[in-house]
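*Asks:* Provided below: coords_8.cif, containing mmCIF, C-alpha atoms and all ligand atoms.
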```cif
data_upload
loop_
_atom_site.label_atom_id
_atom_site.label_comp_id
_atom_site.auth_asym_id
_atom_site.auth_seq_id
_atom_site.Cartn_x
_atom_site.Cartn_y
_atom_site.Cartn_z
CA MET A 1 -149.40 -127.22 -9.74
CA LYS A 2 -147.75 -124.86 -12.25
CA LEU A 3 -145.97 -123.08 -9.45
CA SER A 4 -144.52 -126.26 -7.98
CA LEU A 5 -143.17 -127.38 -11.39
CA ASN A 6 -141.52 -123.97 -11.81
CA GLN A 7 -139.99 -124.31 -8.38
CA LYS A 8 -138.63 -127.76 -9.28
CA ILE A 9 -137.00 -126.44 -12.47
CA LEU A 10 -135.50 -123.51 -10.62
CA SER A 11 -134.18 -125.66 -7.80
CA ARG A 12 -132.54 -128.07 -10.27
CA ASN A 13 -130.98 -125.01 -11.89
CA GLU A 14 -129.81 -123.78 -8.49
CA GLU A 15 -128.22 -127.17 -7.75
CA TYR A 16 -126.12 -126.89 -10.93
CA ALA A 17 -125.44 -123.18 -10.37
CA GLN A 18 -123.86 -124.13 -7.05
CA LYS A 19 -121.76 -126.83 -8.73
CA ASN A 20 -120.57 -124.25 -11.27
CA ARG A 21 -119.82 -121.73 -8.52
CA ALA A 22 -117.75 -124.34 -6.68
CA PHE A 23 -115.87 -125.20 -9.90
CA PHE A 24 -115.05 -121.54 -10.64
CA ALA A 25 -114.00 -120.94 -7.03
CA LYS A 26 -111.77 -124.02 -6.92
CA HIS A 27 -109.95 -123.09 -10.13
CA LYS A 28 -109.97 -119.33 -9.50
CA VAL A 29 -111.74 -118.65 -12.78
CA LEU A 30 -113.76 -115.44 -13.14
CA CYS A 31 -117.13 -116.27 -14.72
CA LEU A 32 -119.25 -113.56 -16.34
CA ASN A 33 -122.78 -114.01 -17.69
CA VAL A 34 -123.38 -111.66 -20.64
CA ILE A 35 -127.00 -110.71 -21.34
CA SER A 36 -128.55 -108.45 -23.99
CA SER A 37 -131.09 -108.23 -26.78
CA PRO A 38 -130.16 -109.96 -30.04
CA GLY A 39 -127.73 -107.74 -31.94
CA ALA A 40 -126.70 -105.45 -29.07
CA GLY A 41 -123.10 -106.52 -29.58
CA LYS A 42 -122.30 -109.39 -27.20
CA THR A 43 -120.18 -111.36 -29.66
CA THR A 44 -118.47 -108.25 -31.05
CA THR A 45 -117.63 -107.07 -27.51
CA LEU A 46 -116.23 -110.46 -26.56
CA ALA A 47 -114.21 -110.81 -29.78
CA ARG A 48 -112.63 -107.38 -29.30
CA THR A 49 -111.96 -108.08 -25.63
CA ILE A 50 -110.22 -111.36 -26.53
CA ARG A 51 -108.04 -109.64 -29.14
CA ASP A 52 -107.17 -106.63 -26.97
CA MET A 53 -106.50 -108.65 -23.80
CA LYS A 54 -104.68 -111.61 -25.33
CA ASP A 55 -101.40 -110.80 -23.55
CA THR A 56 -103.12 -110.26 -20.18
CA LEU A 57 -105.95 -112.78 -19.80
CA THR A 58 -106.65 -116.33 -20.99
CA ILE A 59 -110.30 -116.30 -22.00
CA GLY A 60 -112.79 -119.06 -22.81
CA VAL A 61 -116.32 -118.53 -24.08
CA ILE A 62 -119.53 -120.54 -23.75
CA GLU A 63 -121.94 -119.47 -26.47
CA GLY A 64 -125.70 -119.88 -26.17
CA ASP A 65 -128.00 -119.57 -29.17
CA ILE A 66 -131.25 -121.16 -30.20
CA LYS A 67 -129.54 -122.38 -33.36
CA THR A 68 -126.19 -122.27 -35.23
CA ASP A 69 -122.58 -122.14 -34.05
CA THR A 70 -121.66 -118.94 -35.88
CA ASP A 71 -120.85 -117.03 -32.69
CA ALA A 72 -118.50 -119.78 -31.45
CA GLN A 73 -116.72 -119.60 -34.83
CA LYS A 74 -116.30 -115.82 -34.48
CA ILE A 75 -114.85 -116.24 -30.99
CA ARG A 76 -112.40 -118.91 -32.20
CA ALA A 77 -111.36 -116.58 -35.03
CA ALA A 78 -110.60 -113.96 -32.36
CA GLY A 79 -108.25 -116.44 -30.70
CA ALA A 80 -110.12 -118.00 -27.77
CA GLU A 81 -111.48 -121.44 -27.07
CA ALA A 82 -115.26 -121.51 -27.51
CA VAL A 83 -118.06 -124.02 -27.27
CA GLN A 84 -121.55 -123.56 -28.66
CA ILE A 85 -124.69 -124.68 -26.87
CA GLU A 86 -127.74 -124.83 -29.14
CA THR A 87 -130.77 -124.44 -26.89
CA LYS A 88 -133.16 -125.64 -29.62
CA GLY A 89 -135.87 -123.16 -28.79
CA ALA A 90 -135.17 -122.33 -25.15
CA CYS A 91 -134.84 -118.60 -24.52
CA HIS A 92 -132.01 -118.86 -21.95
CA LEU A 93 -129.09 -121.05 -20.91
CA SER A 94 -129.41 -123.29 -17.85
CA ALA A 95 -126.73 -123.92 -15.25
CA GLU A 96 -126.84 -127.61 -16.17
CA GLN A 97 -126.05 -126.83 -19.83
CA VAL A 98 -123.12 -124.67 -18.73
CA HIS A 99 -121.90 -127.40 -16.38
CA GLY A 100 -121.94 -129.90 -19.25
CA VAL A 101 -119.45 -127.94 -21.41
CA LEU A 102 -116.91 -126.71 -18.85
CA LYS A 103 -114.48 -129.54 -19.67
CA SER A 104 -114.69 -129.08 -23.42
CA ILE A 105 -113.22 -125.56 -23.27
CA HIS A 106 -110.77 -126.50 -20.49
CA ALA A 107 -112.48 -123.93 -18.29
CA ASP A 108 -110.25 -124.83 -15.33
CA THR A 109 -107.23 -123.39 -17.19
CA LYS A 110 -108.82 -120.00 -17.99
CA ASP A 111 -108.55 -116.64 -16.22
CA VAL A 112 -112.00 -115.62 -17.41
CA VAL A 113 -114.93 -117.62 -18.79
CA PHE A 114 -117.62 -115.57 -20.52
CA ILE A 115 -121.07 -117.02 -21.03
CA GLU A 116 -122.86 -115.33 -23.94
CA ASN A 117 -126.48 -115.98 -23.06
CA VAL A 118 -129.34 -116.33 -25.56
CA GLY A 119 -130.30 -112.87 -26.84
CA ASN A 120 -133.22 -111.38 -24.99
CA LEU A 121 -133.79 -109.14 -21.99
CA VAL A 122 -136.31 -111.37 -20.19
CA CYS A 123 -135.58 -115.07 -19.51
CA PRO A 124 -131.78 -115.14 -18.99
CA SER A 125 -132.00 -112.89 -15.95
CA ALA A 126 -134.14 -115.47 -14.08
CA PHE A 127 -131.48 -118.22 -14.28
CA ASP A 128 -128.40 -118.19 -12.10
CA LEU A 129 -125.57 -119.93 -13.97
CA GLY A 130 -123.13 -119.84 -11.07
CA GLU A 131 -121.41 -116.75 -12.46
CA HIS A 132 -119.56 -114.19 -10.37
CA LYS A 133 -121.02 -111.17 -12.13
CA ARG A 134 -123.56 -110.19 -14.76
CA VAL A 135 -122.80 -107.96 -17.70
CA VAL A 136 -125.77 -106.41 -19.49
CA ILE A 137 -125.22 -104.76 -22.87
CA LEU A 138 -127.64 -102.12 -24.15
CA SER A 139 -126.95 -100.68 -27.58
CA ILE A 140 -127.99 -97.25 -28.79
CA PRO A 141 -130.16 -98.40 -31.76
CA GLU A 142 -132.39 -100.39 -29.36
CA GLY A 143 -133.72 -97.18 -27.83
CA ASP A 144 -133.42 -95.44 -24.48
CA ASP A 145 -136.60 -96.98 -23.03
CA LYS A 146 -135.18 -100.46 -22.42
CA PRO A 147 -134.16 -100.03 -18.75
CA VAL A 148 -137.73 -99.02 -17.80
CA LYS A 149 -139.24 -101.77 -19.95
CA TYR A 150 -136.98 -104.55 -18.62
CA PRO A 151 -136.15 -103.41 -15.08
CA GLY A 152 -135.45 -106.92 -13.77
CA THR A 153 -132.55 -107.47 -16.13
CA PHE A 154 -130.99 -104.09 -15.34
CA ALA A 155 -131.57 -104.58 -11.61
CA GLY A 156 -129.48 -107.76 -11.76
CA ALA A 157 -126.55 -106.24 -13.66
CA ASP A 158 -123.17 -105.66 -12.05
CA VAL A 159 -122.00 -103.77 -15.09
CA VAL A 160 -123.90 -102.24 -18.01
CA LEU A 161 -122.14 -101.55 -21.29
CA VAL A 162 -123.92 -98.92 -23.36
CA ASN A 163 -122.64 -100.06 -26.74
CA LYS A 164 -122.49 -98.58 -30.25
CA ILE A 165 -121.72 -95.06 -29.05
CA ASP A 166 -120.16 -94.51 -32.49
CA LEU A 167 -123.79 -94.23 -33.70
CA SER A 168 -124.87 -91.59 -31.21
CA ASP A 169 -124.66 -88.73 -33.75
CA TYR A 170 -127.14 -90.54 -35.99
CA ILE A 171 -129.68 -92.03 -33.61
CA GLU A 172 -131.77 -90.25 -31.02
CA PHE A 173 -130.89 -91.68 -27.63
CA ASN A 174 -131.27 -89.92 -24.30
CA LEU A 175 -128.23 -91.11 -22.36
CA GLN A 176 -129.15 -89.11 -19.23
CA ARG A 177 -132.51 -90.86 -19.13
CA VAL A 178 -130.84 -94.27 -19.45
CA LEU A 179 -128.37 -93.52 -16.66
CA ALA A 180 -131.19 -92.30 -14.39
CA ASP A 181 -133.44 -95.28 -15.16
CA ILE A 182 -130.68 -97.80 -14.48
CA CYS A 183 -129.75 -95.97 -11.29
CA ALA A 184 -133.39 -96.08 -10.12
CA VAL A 185 -133.45 -99.91 -10.12
CA ASN A 186 -129.75 -100.52 -9.51
CA PRO A 187 -127.70 -97.69 -7.99
CA ASP A 188 -124.63 -99.93 -7.69
CA ALA A 189 -124.31 -100.84 -11.38
CA GLN A 190 -121.13 -99.72 -13.10
CA ILE A 191 -121.99 -98.17 -16.45
CA TYR A 192 -119.52 -97.77 -19.31
CA GLN A 193 -120.16 -96.19 -22.69
CA VAL A 194 -118.35 -98.17 -25.37
CA SER A 195 -118.08 -98.98 -29.03
CA ALA A 196 -117.08 -102.56 -29.61
CA ALA A 197 -116.71 -101.63 -33.28
CA THR A 198 -114.21 -98.77 -32.88
CA GLY A 199 -112.78 -99.63 -29.45
CA GLU A 200 -113.81 -96.29 -27.93
CA GLY A 201 -114.36 -96.52 -24.17
CA MET A 202 -113.25 -100.14 -23.97
CA ASP A 203 -110.27 -99.44 -21.66
CA ALA A 204 -112.58 -98.72 -18.71
CA TRP A 205 -114.31 -102.07 -19.31
CA TYR A 206 -110.93 -103.83 -19.45
CA ASP A 207 -109.91 -102.19 -16.16
CA TRP A 208 -113.13 -103.43 -14.54
CA LEU A 209 -112.47 -106.91 -15.92
CA CYS A 210 -108.92 -107.03 -14.55
CA GLN A 211 -110.10 -105.74 -11.16
CA GLN A 212 -112.73 -108.48 -10.93
CA ARG A 213 -110.17 -111.10 -11.91
CA GLN A 214 -107.77 -109.81 -9.28
CA GLN A 215 -110.45 -109.89 -6.59
CA ILE A 216 -111.16 -113.59 -7.04
CA THR A 217 -107.49 -114.57 -7.02
CA GLU A 218 -106.55 -112.64 -3.87
N1 LIG A 301 -121.82 -99.48 -35.27
C1 LIG A 301 -121.61 -100.47 -34.39
N2 LIG A 301 -122.00 -101.72 -34.70
C2 LIG A 301 -121.74 -102.69 -33.80
C3 LIG A 301 -121.10 -102.44 -32.55
N3 LIG A 301 -121.03 -103.61 -31.87
C4 LIG A 301 -121.61 -104.54 -32.66
N4 LIG A 301 -122.04 -103.99 -33.82
C5 LIG A 301 -122.73 -104.67 -34.94
O1 LIG A 301 -124.00 -105.09 -34.47
C6 LIG A 301 -124.37 -106.32 -35.09
C7 LIG A 301 -124.69 -107.36 -34.00
O2 LIG A 301 -123.51 -107.60 -33.24
P1 LIG A 301 -123.28 -108.96 -32.44
O3 LIG A 301 -121.99 -108.81 -31.71
O4 LIG A 301 -123.43 -110.13 -33.34
O5 LIG A 301 -124.51 -108.91 -31.40
P2 LIG A 301 -125.07 -110.06 -30.42
O6 LIG A 301 -126.25 -110.65 -31.12
O7 LIG A 301 -125.45 -109.35 -29.17
O8 LIG A 301 -123.96 -111.05 -30.21
C8 LIG A 301 -123.20 -106.72 -35.95
O9 LIG A 301 -123.49 -106.32 -37.28
C9 LIG A 301 -122.03 -105.93 -35.37
O10 LIG A 301 -121.04 -105.66 -36.33
C10 LIG A 301 -120.67 -101.10 -32.27
O11 LIG A 301 -120.09 -100.77 -31.25
N5 LIG A 301 -120.97 -100.16 -33.24
MG MG A 302 -123.91 -113.13 -30.46
#
```
Since I need it in another form, could you write the structure as structure tokens?
*Replies:*
Amino acid sequence: MKLSLNQKILSRNEEYAQKNRAFFAKHKVLCLNVISSPGAGKTTTLARTIRDMKDTLTIGVIEGDIKTDTDAQKIRAAGAEAVQIETKGACHLSAEQVHGVLKSIHADTKDVVFIENVGNLVCPSAFDLGEHKRVVILSIPEGDDKPVKYPGTFAGADVVLVNKIDLSDYIEFNLQRVLADICAVNPDAQIYQVSAATGEGMDAWYDWLCQQRQQITE
């Protein structure tokens, strides 16, 4: 009984994920689903990306949080259109919620739409939102054991940003272990070491972003 209800929820999600995929394909909009623990640096990474890429890419952001619209405000302050979804307790965004806000940020006019998912490394990875690619952010203060503890999330990543490298002199973090553990579950993942705070390493991420955008418009 429980299993069939789960299947129903997932298939409704899949129905909307397909609608979103069709929307993004029709309007040639690159959609990226950004997943991390709370505080890993999703909003900071997006705000810096918006500021640094403002002359190159038109960006819109869908923000997911259990409560508050503070992240949407930060994104607007960085210069992009943003809409906040309050999930009111749910630990992930659904494709239907994303579908419901596409018009409000004029998603059809954007080069890239980022979806900042609710912060955790478990539930968001089970829900397809119709995105092209998944970005997982792991920050140094979280510890180097996260890829082995949450293999499903890292297995589903197209790109992993190892963020807060400006703190690596102060916090013990075995980067080689992290690279090996991600590679074990996902040998194809692109991994970039960045600091969204200082901007270090961000150019490689921007190159990846522009390449992805180019691929969907060809
Ligand atoms: N030192 C350092 N702090 C960062 C970096 N990126 C984000 N932060 C800080 O980490 C905290 C959480 O960042 P936020 O972007 O809100 O994380 P989110 O919950 O994943 O959206 C904030 O205090 C940021 O200023 C970074 O690269 N280096
Ligand atoms: Mg955030």
*Asks:* Using only C-alpha atoms and all ligand atoms, find each residue of chain A with at least one atom at most 6 Å away from an atom of ligand LIG 301 (chain A); report its shortest atom-to-atom pair and that distance in Å (one decimal), sort the rows by chain and rising residue number, and return the result as a Markdown table.
*Replies:*
```
| residue | atom | partner | partner_atom | distance |
| --- | --- | --- | --- | --- |
| A:Pro38 | CA | A:LIG301 | O6 | 4.1 |
| A:Gly39 | CA | A:LIG301 | O6 | 3.4 |
| A:Ala40 | CA | A:LIG301 | O7 | 4.1 |
| A:Gly41 | CA | A:LIG301 | O5 | 3.3 |
| A:Lys42 | CA | A:LIG301 | O7 | 3.7 |
| A:Thr43 | CA | A:LIG301 | O3 | 3.7 |
| A:Thr44 | CA | A:LIG301 | O3 | 3.6 |
| A:Asn163 | CA | A:LIG301 | O11 | 5.2 |
| A:Lys164 | CA | A:LIG301 | O11 | 3.4 |
| A:Asp166 | CA | A:LIG301 | N5 | 5.8 |
| A:Leu167 | CA | A:LIG301 | N1 | 5.8 |
| A:Ser195 | CA | A:LIG301 | O11 | 3.5 |
| A:Ala196 | CA | A:LIG301 | O11 | 3.9 |
| A:Ala197 | CA | A:LIG301 | O11 | 4.0 |
```
*Asks:* A:Arg76, A:Ala90, A:Val159, A:Ser168: which is nearest Ala204 (chain A), counting all atoms listed in the file?
*Replies:*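 Closest candidate: A:Val159.
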*Asks:* Go through A:Val112, A:Ala77, A:Cys123, A:Ala189 one by one, measure the shortest atom-to-atom distance of each to Leu32 (chain A) using only C-alpha atoms, and give the residue with the smallest value.
*Replies:*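 Using only C-alpha atoms, Leu32 (chain A) sits closest to A:Val112.
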*Asks:* Using all atoms listed in the file, which residue out of A:Ile171, A:Ile216, A:Lys54, A:Ile115 lies closest to ligand MG 302 (chain A)?
*Replies:*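 Under the stated criterion, the closest residue is A:Ile115.
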*Asks:* Tell me which protein, DNA and RNA residues are within 8 Å of region 134-137 of chain A, counting all atoms listed in the file, leaving out same-chain ones fewer than 2 positions away, and put them as a PyMOL selection string.
*Replies:* chain A and resi 32-37+40-42+131-132+139+153-154+156-163
*Asks:* Work out how far apart CA of Lys103 (chain A) and CA of Lys74 (chain A) are and give it in Å to one decimal.
*Replies:*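 Between CA of Lys103 (chain A) and CA of Lys74 (chain A) the gap works out to 20.3 Å.
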*Asks:* Check the smallest atom-to-atom distance from each of A:Gln18, A:Cys183, A:Val29, A:Ala78 to Leu46 (chain A) using only C-alpha atoms, then report the winner.
*Replies:*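 Distance minimum relative to Leu46 (chain A) lands on A:Ala78.
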*Asks:* Go through A:Gln212, A:Asn117, A:Gln193, A:Gln97 one by one, measure the shortest atom-to-atom distance of each to Arg12 (chain A) using only C-alpha atoms, and give the residue with the smallest value.
*Replies:*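 Residue with the minimum atom-to-atom distance to Arg12 (chain A): A:Gln97.
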*Asks:* Calculated over all atoms listed in the file, which of the candidates A:Asp111, A:Asp65, A:Asp144, A:Asp169 has the smallest distance to Ile182 (chain A)?
*Replies:* A:Asp144
*Asks:* Need to verify the contact set: Ala72 (chain A), 9 Å, all atoms listed in the file, exclusion of same-chain residues closer than 3 positions in sequence. Can you return it as a ChimeraX atom specification?
*Replies:* /A:43,61-64,68-69,75-77,81-84
*Asks:* What separation in Å, quoted to one decimal, exists between CA of Asp181 (chain A) and CA of Lys149 (chain A)?
*Replies:* 9.9 Å
*Asks:* Edge lengths and centre in Å to one decimal, as lines of an AutoDock Vina configuration file, is what I'm after for the box along x, y and z that holds all listed atoms of region 119-126 of chain A once 5 Å is added on each side.
*Replies:*
```
center_x = -133.3
center_y = -112.3
center_z = -20.5
size_x = 16.0
size_y = 16.3
size_z = 22.8
```
*Asks:* What does the distance between CA of Leu138 (chain A) and CA of Ala184 (chain A) come to in Å, to one decimal place?
*Replies:*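 CA of Ala184 (chain A) lies at a distance of 16.3 Å from CA of Leu138 (chain A).
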